[in-house]
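Novice: My questions all concern the structure below.
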Amino acid sequence: MDQPLSVDDAVLAARDLFPRGLTQPAHGWRFSLDALLLGAFAAPRPGAGVLDLGCGCGPAGLWLLLRQVCPGATVTGLDVDPAMVRAAGENAARLGLADVFSAHVLDIRDVRARAGDAPRPGTLHPEPESFDHVLCNPPYRPMGAGRTSPHGGRQLARSESCGTLEDFLAAAAFFLANRGTIALVYPAPRLTALVAALIEKKLEPKILLPVLSRPDRPARLVLVSAVKNGGREMALPPPLVLYRNSDGSDDLDAGAPRRLSEQALAFCPCLAANP
């Protein structure tokens with residue numbers, strides 16, 4: 001990534017290491033390649049005000065800014081976990097992005113109720129249609145499904161205990177300006193639920209990119225772009241394949257260790273440094 005000449009050596013070093021070195025609460029959600037893929041997929045216009053719903057420690061929004069594909073853009077992160085919000089702020093400062101990235105504590109289920117409150121210093125006051133683009137990596141596990149994490153922060157991030165998919169999309173629809181865009185990452189097996197929920201909130205899907213671990217495996221994730229009050233047409237680009245065998249083959253019986261594909265590294269270069 002291109003580096004501004006005015007950035008000091010410590011910031012340059014942190015950017016070169018990204019996403020290694022990001023501060024994360026000890027018992028909170030550990031970001032994964034899902035968030036990095038989301039930050040690589042998002043395509044807001046230059047100068048856009050971007051909202052990251054459920055930002056965690058900030059990987060998606062920070063990577064979007066580091067890509068430098070939307071000059072003049074700013075990112076505002078929201079998360080219900082104060083420890084995550086603090087970590088996101090620390091990460092933005094370390095990367096020299098504190099002037100264009102901020103994070104705030106807010107339960108997305110309270111957005112409409114809080115909009116009627118008087119603004120409070122140091123907090124984000126919800127304003128309808130106040131952002132041009134939304135990033136969203138929502139919790140994907142329904143309450144009671146799968147194993148329960150013993151750590152509260154991880155359970156909040158993984159399950160829908162602090163907001164369902166519909167809650168997150170309702171908040172996105174509230175914050176997005178008319179014709180604003182939203183980029184999401186979500187498990188492929190729950191794609192029908194995602195598309196139905198988007199359409200119900202008048203967020204019309206425009207691009208659906210399947211993400212495959214291997215060429216002959218079913219899609220594990222989908223990256224979806226939608227437009228608020230958009231028309232009904234959607235593009236289905238060729239899938240993004242994350243891994244090949246180390247010899248470059250697609251033969252899963254070869255027993256060779258996997259490596260990131262050239263396609264994946266071109267799409268999201270920072271995957272090479274993802275711990």
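Going through the structure tokens in order, the chains are called A, B, and so on, while each chain numbers its residues from 1 and the ligands are numbered from 1 in the order shown.
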Taking the DSSP assignment computed from this structure's backbone, write out as number ranges by chain all residues of stretch 94-204 of chain A that belong to alpha helix (DSSP H).
Specialist: A: 94, 111-115, 152-158, 165-175, 191-200
Novice: Can you pull out the residues contacting A:Leu240? Cut-off 7 Å, using only C-alpha atoms, and skip same-chain residues under 2 positions away; I want them as a short mmCIF file (atom, residue, chain, number, x, y, z; two decimals) with N, CA and C atoms, in the first residue's frame.
Specialist:
data_model
loop_
_atom_site.label_atom_id
_atom_site.label_comp_id
_atom_site.auth_asym_id
_atom_site.auth_seq_id
_atom_site.Cartn_x
_atom_site.Cartn_y
_atom_site.Cartn_z
N PRO A 210 -19.35 -15.21 -3.91
CA PRO A 210 -19.11 -16.39 -3.08
C PRO A 210 -17.63 -16.50 -2.73
N VAL A 211 -17.33 -16.94 -1.51
CA VAL A 211 -15.96 -17.14 -1.06
C VAL A 211 -15.78 -18.63 -0.75
N LEU A 212 -14.86 -19.27 -1.47
CA LEU A 212 -14.62 -20.70 -1.34
C LEU A 212 -13.27 -20.93 -0.67
N PRO A 238 -17.43 -14.25 -10.62
CA PRO A 238 -16.81 -15.55 -10.32
C PRO A 238 -16.39 -15.62 -8.86
N LEU A 242 -9.89 -18.98 -1.86
CA LEU A 242 -8.88 -18.54 -0.90
C LEU A 242 -7.60 -19.36 -0.94
N ALA A 264 -6.65 -14.65 -4.01
CA ALA A 264 -6.96 -14.13 -2.68
C ALA A 264 -6.00 -13.01 -2.29
#
Novice: Using only C-alpha atoms, pick whichever of A:Arg179, A:Arg190, A:Arg67, A:Arg217 has the shortest atom-to-atom distance to A:Gly231.
Specialist: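 That would be A:Arg179, the residue with the smallest distance to A:Gly231.
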Novice: Report as a PyMOL selection string all protein, DNA and RNA residues lying within 8 Å of A:Asp79, evaluated on only C-alpha atoms, omitting residues in the same chain fewer than 4 positions from it.
Specialist: chain A and resi 53-56+84-85+103-108
Novice: Keeping only C-alpha atoms, write the selected residues as a compact mmCIF listing (two decimals), in the first residue's frame.
Specialist:
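As written to disk, again25.txt reads:
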# COMPACT_ATOMS: atom_id res chain seq x y z
CA LEU A 53 -21.62 -1.72 12.65
CA GLY A 54 -20.16 -4.11 15.22
CA CYS A 55 -16.65 -2.88 14.51
CA GLY A 56 -14.83 -4.98 17.12
CA MET A 84 -13.54 -3.39 21.83
CA VAL A 85 -14.17 0.31 21.30
CA ALA A 103 -15.23 4.27 17.59
CA HIS A 104 -18.17 4.58 19.99
CA VAL A 105 -20.15 2.36 22.33
CA LEU A 106 -23.70 1.84 21.13
CA ASP A 107 -26.13 -1.06 21.19
CA ILE A 108 -27.49 -1.18 17.65
Novice: Any idea what's packed within 8 Å of A:Ala173, counting only C-alpha atoms, ignoring anything in its chain fewer than 5 positions away? Could you give it as an NGL selection string?
Specialist: :A and (129 or 201-203 or 228)
Novice: One decimal, Å: what's the distance from atom CA of A:Gln24 over to atom CA of A:Leu38, could you say?
Specialist: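 These atoms are spaced 18.4 Å apart.
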Novice: May I ask for the distance between atom CA of A:Gly163 and atom CA of A:Phe175, given in Å to one decimal place?
Specialist: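 Those two atoms sit 16.2 Å apart.
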Novice: Which is closest to A:Ile182 among A:Leu194, A:Cys162, A:Ala43, A:Val111, if we use only C-alpha atoms?
Specialist: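 Once distances to A:Ile182 are computed over only C-alpha atoms, the minimum belongs to A:Ala43.
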Novice: Identify, on the basis of only C-alpha atoms, every residue whose closest approach to A:Arg214 does not exceed 10 Å; exclude the query and any residue fewer than 3 positions from it along the same chain; express the result as a list in words.
Specialist: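 That gives Val211, Arg217, Pro218, Ala219, Arg220, Leu240, Val241, Leu242, Tyr243, Arg244, Asn245, Asp250, Asp251, Leu252, Arg258, Leu260 and Ser261 of chain A.
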Novice: Next, dump the selected residues to file, keeping only C-alpha atoms, as a CSV table (one decimal), in the first residue's frame.
Specialist:
chain,number,residue,atom,x,y,z
A,211,VAL,CA,-16.0,-17.1,-1.1
A,217,ARG,CA,-15.7,-27.0,-1.9
A,218,PRO,CA,-19.0,-25.3,-1.4
A,219,ALA,CA,-18.9,-21.6,-0.6
A,220,ARG,CA,-18.2,-20.9,3.1
A,240,LEU,CA,-13.1,-15.9,-4.7
A,241,VAL,CA,-11.0,-19.0,-4.0
A,242,LEU,CA,-8.9,-18.5,-0.9
A,243,TYR,CA,-6.5,-21.5,-0.9
A,244,ARG,CA,-4.6,-23.8,-3.4
A,245,ASN,CA,-2.3,-26.6,-2.6
A,250,ASP,CA,-6.4,-27.9,-7.0
A,251,ASP,CA,-6.1,-31.6,-6.2
A,252,LEU,CA,-7.3,-32.1,-2.6
A,258,ARG,CA,-2.5,-25.3,1.5
A,260,LEU,CA,-3.3,-18.6,-0.1
A,261,SER,CA,-4.1,-18.3,-3.7
Novice: Just to confirm, what's the straight-line distance from atom CA of A:Leu221 to atom CA of A:Gly180 in Å (one decimal)?
Specialist: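 So the two atoms, atom CA of A:Leu221 and atom CA of A:Gly180, lie 23.2 Å apart.
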Novice: Can you check which residues of stretch 72-244 of chain A DSSP gives as strand (DSSP E or B) on the backbone and send them as a PDB file with C-alpha atoms, in the first residue's frame?
Specialist:
ATOM      1  CA  THR A  74     -13.923   8.632   7.268  1.00  0.00           C
ATOM      2  CA  VAL A  75     -14.942   5.568   9.278  1.00  0.00           C
ATOM      3  CA  THR A  76     -17.059   5.558  12.427  1.00  0.00           C
ATOM      4  CA  GLY A  77     -17.186   2.288  14.343  1.00  0.00           C
ATOM      5  CA  LEU A  78     -19.965   1.182  16.688  1.00  0.00           C
ATOM      6  CA  ASP A  79     -19.767  -1.721  19.119  1.00  0.00           C
ATOM      7  CA  PHE A 101     -11.400   6.704  12.330  1.00  0.00           C
ATOM      8  CA  SER A 102     -13.367   6.878  15.569  1.00  0.00           C
ATOM      9  CA  ALA A 103     -15.232   4.266  17.592  1.00  0.00           C
ATOM     10  CA  HIS A 104     -18.173   4.581  19.986  1.00  0.00           C
ATOM     11  CA  VAL A 105     -20.145   2.363  22.333  1.00  0.00           C
ATOM     12  CA  PHE A 131     -23.800   7.875   6.439  1.00  0.00           C
ATOM     13  CA  ASP A 132     -23.038   7.034   2.817  1.00  0.00           C
ATOM     14  CA  HIS A 133     -21.784   3.490   3.338  1.00  0.00           C
ATOM     15  CA  VAL A 134     -22.083   0.770   5.986  1.00  0.00           C
ATOM     16  CA  LEU A 135     -19.755  -2.122   6.775  1.00  0.00           C
ATOM     17  CA  CYS A 136     -21.384  -5.033   8.564  1.00  0.00           C
ATOM     18  CA  ARG A 141     -25.019 -17.824  15.260  1.00  0.00           C
ATOM     19  CA  SER A 159     -24.063 -15.089  18.670  1.00  0.00           C
ATOM     20  CA  LEU A 176     -27.826   4.985   5.406  1.00  0.00           C
ATOM     21  CA  ALA A 177     -28.632   7.885   3.136  1.00  0.00           C
ATOM     22  CA  ASN A 178     -30.984   7.202   0.236  1.00  0.00           C
ATOM     23  CA  ARG A 179     -29.066   5.208  -2.402  1.00  0.00           C
ATOM     24  CA  GLY A 180     -26.319   4.615   0.145  1.00  0.00           C
ATOM     25  CA  THR A 181     -24.495   1.287   0.050  1.00  0.00           C
ATOM     26  CA  ILE A 182     -23.830  -1.507   2.508  1.00  0.00           C
ATOM     27  CA  ALA A 183     -21.173  -4.240   2.328  1.00  0.00           C
ATOM     28  CA  LEU A 184     -21.594  -7.417   4.393  1.00  0.00           C
ATOM     29  CA  VAL A 185     -19.842 -10.713   5.017  1.00  0.00           C
ATOM     30  CA  TYR A 186     -22.021 -13.639   6.072  1.00  0.00           C
ATOM     31  CA  PRO A 187     -22.000 -17.438   6.136  1.00  0.00           C
ATOM     32  CA  LEU A 203     -31.546  -2.773   0.952  1.00  0.00           C
ATOM     33  CA  GLU A 204     -31.421  -4.235  -2.546  1.00  0.00           C
ATOM     34  CA  PRO A 205     -28.581  -6.736  -3.175  1.00  0.00           C
ATOM     35  CA  LYS A 206     -26.362  -5.686  -6.091  1.00  0.00           C
ATOM     36  CA  ILE A 207     -23.241  -7.876  -5.912  1.00  0.00           C
ATOM     37  CA  LEU A 208     -22.976 -11.362  -4.439  1.00  0.00           C
ATOM     38  CA  LEU A 209     -19.444 -12.774  -4.292  1.00  0.00           C
ATOM     39  CA  PRO A 210     -19.110 -16.386  -3.076  1.00  0.00           C
ATOM     40  CA  VAL A 211     -15.955 -17.139  -1.060  1.00  0.00           C
ATOM     41  CA  LEU A 212     -14.616 -20.701  -1.336  1.00  0.00           C
ATOM     42  CA  ALA A 219     -18.876 -21.560  -0.591  1.00  0.00           C
ATOM     43  CA  ARG A 220     -18.162 -20.894   3.083  1.00  0.00           C
ATOM     44  CA  LEU A 221     -18.861 -17.167   3.034  1.00  0.00           C
ATOM     45  CA  VAL A 222     -20.572 -14.614   0.840  1.00  0.00           C
ATOM     46  CA  LEU A 223     -19.652 -10.978   0.389  1.00  0.00           C
ATOM     47  CA  VAL A 224     -22.714  -8.933  -0.487  1.00  0.00           C
ATOM     48  CA  SER A 225     -23.139  -5.334  -1.566  1.00  0.00           C
ATOM     49  CA  ALA A 226     -26.576  -3.719  -1.439  1.00  0.00           C
ATOM     50  CA  VAL A 227     -28.088  -0.299  -2.162  1.00  0.00           C
ATOM     51  CA  LYS A 228     -30.761   1.409  -0.108  1.00  0.00           C
ATOM     52  CA  ALA A 235     -24.289  -9.240 -10.398  1.00  0.00           C
ATOM     53  CA  LEU A 240     -13.123 -15.899  -4.743  1.00  0.00           C
ATOM     54  CA  VAL A 241     -11.017 -18.992  -4.001  1.00  0.00           C
ATOM     55  CA  TYR A 243      -6.524 -21.532  -0.945  1.00  0.00           C
ATOM     56  CA  ARG A 244      -4.596 -23.753  -3.357  1.00  0.00           C
TER      57      ARG A 244
END
